[in-house]
Structures are given as structure tokens and as C-alpha cells.
Amino acid sequence: MEKSLNNNSRRNFIKVSGMLSTGLLIPTTAMANEYSLPVNDNIHEFGQREGYTEQMSILISMMDWMRATVLRSVNGLSVNELDFLLDENANSIGAMLLHLAATERYYQIHTFDGRDWGDFDKKDTDIWDVAMGLGDKAREEIKGNPLSFYTDKLSEVRAFSKKQLKERNDSWLMEKTNFFASQPTNNYCKWFHVVEHESNHNGQIKYIKSRIT
């Protein structure tokens, strides 16, 4: 009996191994459910978020975590600190915060409306172009605002992003156009760029904070 069981075990092992090597082993529903992510609203645990598909939940997790990191960096800054310029060619922290909102707004138009980059309505460019471009115009125009001015803009834009992303699924994340370096780029990559873009500017913000006199 033991010999028969061992032979059966070996045959089953060989059968499963062969199916794995040829890609023929399809996960059952039970197996898939075993690895499904539980709904979790802990910002430090990337995973399923209520109302979002699985991959969309990971994206939302990253967006929320990075935004919280940026907000911690600027918490309590005064108008003078938000307007501080390291030199005549520098960007202020306030301008960079508005730049983050502008960037996200333009990615909304590009990905949600399916419009080419730069094909933006005047009502949007009038609001966002100065912040998007930074530089001289931003130094002239983006100043004298309290922190709440910038955080309200960031929150307003982010709320719309999350509403729209909740209405889309993982297949939409994989839809692509030629974008970065004129190469095929899917919506997942484009929205991950929104996240890493905030990370990049958060580093600049922290450096400027350390140099404020």
C-alpha cells in the first residue's frame, strides 16, 4: 500500500511539474481567492482599497502614501517660507505645490479624456500653465498665499482623480498610447509618473526647507 501511494505521489508530482513548465496549470477560483487582497485603509499597507479594482488599488495606495509624505514636508510652513527663493532662478515651495496640482490636472485631461498632451482647453491653461511651467512667471505670480491655498488645490484635483479612477478598471490601466520617448506607454505608467513626480519635488522641497533663512 505504501509503495502504491508513493508511486501515485510521484506520478502526480511529475504531472503537475509538467503542467507548470508548459504553462497549462490554470489557477482555480479558490486559488485566486486565496491571493486576493483584503480591503485595507492603512496608508502604510499597500493593497486593496474599497471601491477600486486590484491594480487600481495599488496605484491609489501609492498616490495616497506619496501625497501624505509631501503634506508632512510642508506642514506648518508660513507664507514667507512658502515664498522663499534660494536664488533668482529657484522655484519656491509654494510654486512647486501648485505645479504638482497642475501636473495631475493635465494627466487627468490626457488619460481620462483621451486627449493628446498639450491639447488642453483655455479654461485649464489659464489656471494651470504658469504653475506647470514654473520659472520666471511662477516666481512673479505664485506668491503671497497661505499653505491652505495650495493644499486645497491639491485636494480638489486629487478628489477628481480618485473619483475617475474608481470608475475605471485594471484593463484601462493597461491601455496605451505612444507617450514617453514616443514609446508605447500605458495609463498605469502615466499615473505612476504622477506619483514619482511628487517624490522628486518632495526631495526639492525638503532641501529648500533646510536652507530657509
# chains A, B, ... in the order shown; residues from 1 in each chain; ligands from 1
>>> select_by_dssp(residues="segment 14-165 of chain A", states="alpha helix (DSSP H)", output="PDB file with C-alpha atoms, in the first residue's frame")
ATOM      1  CA  ILE A  14       5.543  14.734 -12.391  1.00  0.00           C
ATOM      2  CA  LYS A  15       2.140  15.599 -13.854  1.00  0.00           C
ATOM      3  CA  VAL A  16       1.884  18.929 -12.016  1.00  0.00           C
ATOM      4  CA  SER A  17       5.521  19.799 -12.741  1.00  0.00           C
ATOM      5  CA  GLY A  18       4.966  19.167 -16.418  1.00  0.00           C
ATOM      6  CA  MET A  19       1.850  21.307 -16.466  1.00  0.00           C
ATOM      7  CA  LEU A  20       3.682  24.137 -14.724  1.00  0.00           C
ATOM      8  CA  SER A  21       6.581  24.004 -17.155  1.00  0.00           C
ATOM      9  CA  THR A  29     -11.197  30.237  -8.361  1.00  0.00           C
ATOM     10  CA  ALA A  30     -10.293  29.022  -4.882  1.00  0.00           C
ATOM     11  CA  MET A  31      -6.591  29.542  -5.586  1.00  0.00           C
ATOM     12  CA  ALA A  32      -7.221  33.016  -6.981  1.00  0.00           C
ATOM     13  CA  ASN A  33      -9.289  33.991  -3.960  1.00  0.00           C
ATOM     14  CA  GLU A  34      -6.532  32.791  -1.646  1.00  0.00           C
ATOM     15  CA  GLU A  54      -6.975  45.321  -7.519  1.00  0.00           C
ATOM     16  CA  GLN A  55      -4.276  47.011  -9.604  1.00  0.00           C
ATOM     17  CA  MET A  56      -6.076  50.343  -9.306  1.00  0.00           C
ATOM     18  CA  SER A  57      -5.952  49.860  -5.538  1.00  0.00           C
ATOM     19  CA  ILE A  58      -2.160  49.531  -5.650  1.00  0.00           C
ATOM     20  CA  LEU A  59      -1.953  52.756  -7.653  1.00  0.00           C
ATOM     21  CA  ILE A  60      -4.258  54.542  -5.201  1.00  0.00           C
ATOM     22  CA  SER A  61      -2.143  53.206  -2.319  1.00  0.00           C
ATOM     23  CA  MET A  62       0.968  54.752  -3.850  1.00  0.00           C
ATOM     24  CA  MET A  63      -0.790  58.033  -4.622  1.00  0.00           C
ATOM     25  CA  ASP A  64      -2.126  58.361  -1.079  1.00  0.00           C
ATOM     26  CA  TRP A  65       1.195  57.466   0.547  1.00  0.00           C
ATOM     27  CA  MET A  66       3.224  59.905  -1.537  1.00  0.00           C
ATOM     28  CA  ARG A  67       0.723  62.712  -1.039  1.00  0.00           C
ATOM     29  CA  ALA A  68       0.787  62.220   2.735  1.00  0.00           C
ATOM     30  CA  THR A  69       4.582  62.390   2.584  1.00  0.00           C
ATOM     31  CA  VAL A  70       4.510  65.700   0.705  1.00  0.00           C
ATOM     32  CA  LEU A  71       1.960  67.176   3.102  1.00  0.00           C
ATOM     33  CA  ARG A  72       4.121  66.216   6.076  1.00  0.00           C
ATOM     34  CA  SER A  73       7.046  68.012   4.451  1.00  0.00           C
ATOM     35  CA  VAL A  74       5.137  71.296   4.166  1.00  0.00           C
ATOM     36  CA  VAL A  79       3.744  82.363   3.711  1.00  0.00           C
ATOM     37  CA  ASN A  80       7.331  83.604   3.861  1.00  0.00           C
ATOM     38  CA  GLU A  81       8.645  80.050   3.910  1.00  0.00           C
ATOM     39  CA  LEU A  82       6.391  79.040   1.020  1.00  0.00           C
ATOM     40  CA  ASP A  83       7.653  82.036  -0.992  1.00  0.00           C
ATOM     41  CA  ILE A  93       7.902  75.599  -2.304  1.00  0.00           C
ATOM     42  CA  GLY A  94       4.516  77.187  -2.949  1.00  0.00           C
ATOM     43  CA  ALA A  95       5.092  77.189  -6.694  1.00  0.00           C
ATOM     44  CA  MET A  96       6.129  73.539  -6.614  1.00  0.00           C
ATOM     45  CA  LEU A  97       2.994  72.555  -4.705  1.00  0.00           C
ATOM     46  CA  LEU A  98       0.839  74.254  -7.317  1.00  0.00           C
ATOM     47  CA  HIS A  99       2.984  72.611 -10.001  1.00  0.00           C
ATOM     48  CA  LEU A 100       2.067  69.197  -8.572  1.00  0.00           C
ATOM     49  CA  ALA A 101      -1.626  70.032  -8.851  1.00  0.00           C
ATOM     50  CA  ALA A 102      -1.141  71.335 -12.402  1.00  0.00           C
ATOM     51  CA  THR A 103       0.688  68.204 -13.494  1.00  0.00           C
ATOM     52  CA  GLU A 104      -2.031  65.958 -12.116  1.00  0.00           C
ATOM     53  CA  ARG A 105      -4.741  68.039 -13.776  1.00  0.00           C
ATOM     54  CA  TYR A 106      -3.056  67.726 -17.163  1.00  0.00           C
ATOM     55  CA  TYR A 107      -2.689  63.961 -16.745  1.00  0.00           C
ATOM     56  CA  GLN A 108      -6.407  63.830 -15.978  1.00  0.00           C
ATOM     57  CA  ILE A 109      -7.200  65.509 -19.275  1.00  0.00           C
ATOM     58  CA  HIS A 110      -4.732  63.344 -21.182  1.00  0.00           C
ATOM     59  CA  THR A 111      -5.787  59.976 -19.755  1.00  0.00           C
ATOM     60  CA  PHE A 112      -9.443  60.427 -18.779  1.00  0.00           C
ATOM     61  CA  LYS A 122      -8.059  77.596 -22.421  1.00  0.00           C
ATOM     62  CA  LYS A 123     -10.040  77.435 -19.184  1.00  0.00           C
ATOM     63  CA  ASP A 124      -7.483  74.900 -17.938  1.00  0.00           C
ATOM     64  CA  THR A 125      -4.366  76.547 -19.314  1.00  0.00           C
ATOM     65  CA  ASP A 126      -5.427  79.887 -17.807  1.00  0.00           C
ATOM     66  CA  ILE A 127      -5.486  78.220 -14.391  1.00  0.00           C
ATOM     67  CA  TRP A 128      -2.555  75.841 -14.644  1.00  0.00           C
ATOM     68  CA  ASP A 129       0.005  76.833 -17.283  1.00  0.00           C
ATOM     69  CA  VAL A 130       2.035  79.191 -15.086  1.00  0.00           C
ATOM     70  CA  ALA A 131       2.365  76.566 -12.357  1.00  0.00           C
ATOM     71  CA  MET A 132       3.080  73.867 -14.906  1.00  0.00           C
ATOM     72  CA  GLY A 133       5.921  75.839 -16.464  1.00  0.00           C
ATOM     73  CA  GLY A 135      10.311  79.640 -13.929  1.00  0.00           C
ATOM     74  CA  ASP A 136      10.047  83.425 -14.189  1.00  0.00           C
ATOM     75  CA  LYS A 137       6.259  83.681 -14.461  1.00  0.00           C
ATOM     76  CA  ALA A 138       5.757  81.436 -11.468  1.00  0.00           C
ATOM     77  CA  ARG A 139       8.212  83.496  -9.418  1.00  0.00           C
ATOM     78  CA  GLU A 140       6.252  86.633 -10.309  1.00  0.00           C
ATOM     79  CA  GLU A 141       2.729  85.304  -9.859  1.00  0.00           C
ATOM     80  CA  LEU A 147      -0.464  76.902   2.844  1.00  0.00           C
ATOM     81  CA  SER A 148      -4.199  76.194   2.689  1.00  0.00           C
ATOM     82  CA  PHE A 149      -4.347  77.773  -0.779  1.00  0.00           C
ATOM     83  CA  TYR A 150      -2.013  75.092  -2.124  1.00  0.00           C
ATOM     84  CA  THR A 151      -3.351  72.151  -0.139  1.00  0.00           C
ATOM     85  CA  ASP A 152      -6.922  72.987  -1.174  1.00  0.00           C
ATOM     86  CA  LYS A 153      -5.880  72.935  -4.846  1.00  0.00           C
ATOM     87  CA  LEU A 154      -4.077  69.630  -4.371  1.00  0.00           C
ATOM     88  CA  SER A 155      -7.081  68.114  -2.597  1.00  0.00           C
ATOM     89  CA  GLU A 156      -9.552  69.325  -5.213  1.00  0.00           C
ATOM     90  CA  VAL A 157      -7.561  67.867  -8.090  1.00  0.00           C
ATOM     91  CA  ARG A 158      -6.868  64.612  -6.246  1.00  0.00           C
ATOM     92  CA  ALA A 159     -10.535  64.094  -5.371  1.00  0.00           C
ATOM     93  CA  PHE A 160     -11.419  64.237  -9.065  1.00  0.00           C
ATOM     94  CA  SER A 161      -8.602  61.815  -9.935  1.00  0.00           C
ATOM     95  CA  LYS A 162      -9.797  59.269  -7.379  1.00  0.00           C
ATOM     96  CA  LYS A 163     -13.414  59.580  -8.484  1.00  0.00           C
ATOM     97  CA  GLN A 164     -12.443  58.949 -12.097  1.00  0.00           C
ATOM     98  CA  LEU A 165     -10.074  56.094 -11.272  1.00  0.00           C
TER      99      LEU A 165
END
>>> select_by_dssp(residues="chain A", states="strand (DSSP E)", output="list in words")
Lys176, Thr177, Asn178, Pro184, Thr185 and Asn186 of chain A
>>> closest_residue(among="A:Ile212, A:Trp117, A:Asp41, A:Asn202", to="Ser182 of chain A", atoms="only C-alpha atoms")
A:Trp117
>>> atom_distance(atom1="atom CA of Phe84 of chain A", atom2="atom CA of Ser199 of chain A")
20.2 Å
>>> decode(residues="segment 36-125 of chain A", atoms="C-alpha atoms", output="compact mmCIF listing (two decimals), in the first residue's frame")
# COMPACT_ATOMS: atom_id res chain seq x y z
CA SER A 36 -6.89 38.24 -3.25
CA LEU A 37 -6.00 41.32 -1.24
CA PRO A 38 -8.20 42.19 1.74
CA VAL A 39 -9.69 45.67 1.86
CA ASN A 40 -7.40 47.83 3.97
CA ASP A 41 -7.31 51.56 4.61
CA ASN A 42 -3.95 51.61 6.44
CA ILE A 43 -1.87 54.03 4.39
CA HIS A 44 1.33 52.09 5.13
CA GLU A 45 -0.07 48.80 3.79
CA PHE A 46 -0.38 48.91 0.04
CA GLY A 47 -3.30 46.75 -1.00
CA GLN A 48 -6.99 46.62 -1.76
CA ARG A 49 -8.87 49.89 -1.38
CA GLU A 50 -12.64 49.95 -1.15
CA GLY A 51 -14.36 50.56 -4.47
CA TYR A 52 -11.25 50.10 -6.63
CA THR A 53 -10.09 47.16 -8.70
CA GLU A 54 -6.97 45.32 -7.52
CA GLN A 55 -4.28 47.01 -9.60
CA MET A 56 -6.08 50.34 -9.31
CA SER A 57 -5.95 49.86 -5.54
CA ILE A 58 -2.16 49.53 -5.65
CA LEU A 59 -1.95 52.76 -7.65
CA ILE A 60 -4.26 54.54 -5.20
CA SER A 61 -2.14 53.21 -2.32
CA MET A 62 0.97 54.75 -3.85
CA MET A 63 -0.79 58.03 -4.62
CA ASP A 64 -2.13 58.36 -1.08
CA TRP A 65 1.20 57.47 0.55
CA MET A 66 3.22 59.90 -1.54
CA ARG A 67 0.72 62.71 -1.04
CA ALA A 68 0.79 62.22 2.73
CA THR A 69 4.58 62.39 2.58
CA VAL A 70 4.51 65.70 0.71
CA LEU A 71 1.96 67.18 3.10
CA ARG A 72 4.12 66.22 6.08
CA SER A 73 7.05 68.01 4.45
CA VAL A 74 5.14 71.30 4.17
CA ASN A 75 3.07 71.10 7.34
CA GLY A 76 3.08 74.39 9.24
CA LEU A 77 5.03 76.42 6.67
CA SER A 78 4.39 80.17 6.74
CA VAL A 79 3.74 82.36 3.71
CA ASN A 80 7.33 83.60 3.86
CA GLU A 81 8.65 80.05 3.91
CA LEU A 82 6.39 79.04 1.02
CA ASP A 83 7.65 82.04 -0.99
CA PHE A 84 11.34 81.63 -0.12
CA LEU A 85 13.72 81.53 -3.10
CA LEU A 86 17.19 80.03 -2.82
CA ASP A 87 18.37 82.24 -5.67
CA GLU A 88 17.00 84.25 -8.57
CA ASN A 89 16.47 81.12 -10.68
CA ALA A 90 14.94 78.93 -7.99
CA ASN A 91 11.34 77.78 -7.59
CA SER A 92 9.53 78.35 -4.32
CA ILE A 93 7.90 75.60 -2.30
CA GLY A 94 4.52 77.19 -2.95
CA ALA A 95 5.09 77.19 -6.69
CA MET A 96 6.13 73.54 -6.61
CA LEU A 97 2.99 72.56 -4.71
CA LEU A 98 0.84 74.25 -7.32
CA HIS A 99 2.98 72.61 -10.00
CA LEU A 100 2.07 69.20 -8.57
CA ALA A 101 -1.63 70.03 -8.85
CA ALA A 102 -1.14 71.34 -12.40
CA THR A 103 0.69 68.20 -13.49
CA GLU A 104 -2.03 65.96 -12.12
CA ARG A 105 -4.74 68.04 -13.78
CA TYR A 106 -3.06 67.73 -17.16
CA TYR A 107 -2.69 63.96 -16.74
CA GLN A 108 -6.41 63.83 -15.98
CA ILE A 109 -7.20 65.51 -19.28
CA HIS A 110 -4.73 63.34 -21.18
CA THR A 111 -5.79 59.98 -19.76
CA PHE A 112 -9.44 60.43 -18.78
CA ASP A 113 -10.47 62.46 -21.82
CA GLY A 114 -8.08 60.72 -24.22
CA ARG A 115 -6.62 63.97 -25.48
CA ASP A 116 -3.12 64.50 -26.81
CA TRP A 117 -0.67 66.09 -24.41
CA GLY A 118 -0.92 69.86 -24.84
CA ASP A 119 -4.46 69.70 -26.26
CA PHE A 120 -5.87 71.49 -23.25
CA ASP A 121 -8.78 73.94 -23.10
CA LYS A 122 -8.06 77.60 -22.42
CA LYS A 123 -10.04 77.44 -19.18
CA ASP A 124 -7.48 74.90 -17.94
CA THR A 125 -4.37 76.55 -19.31
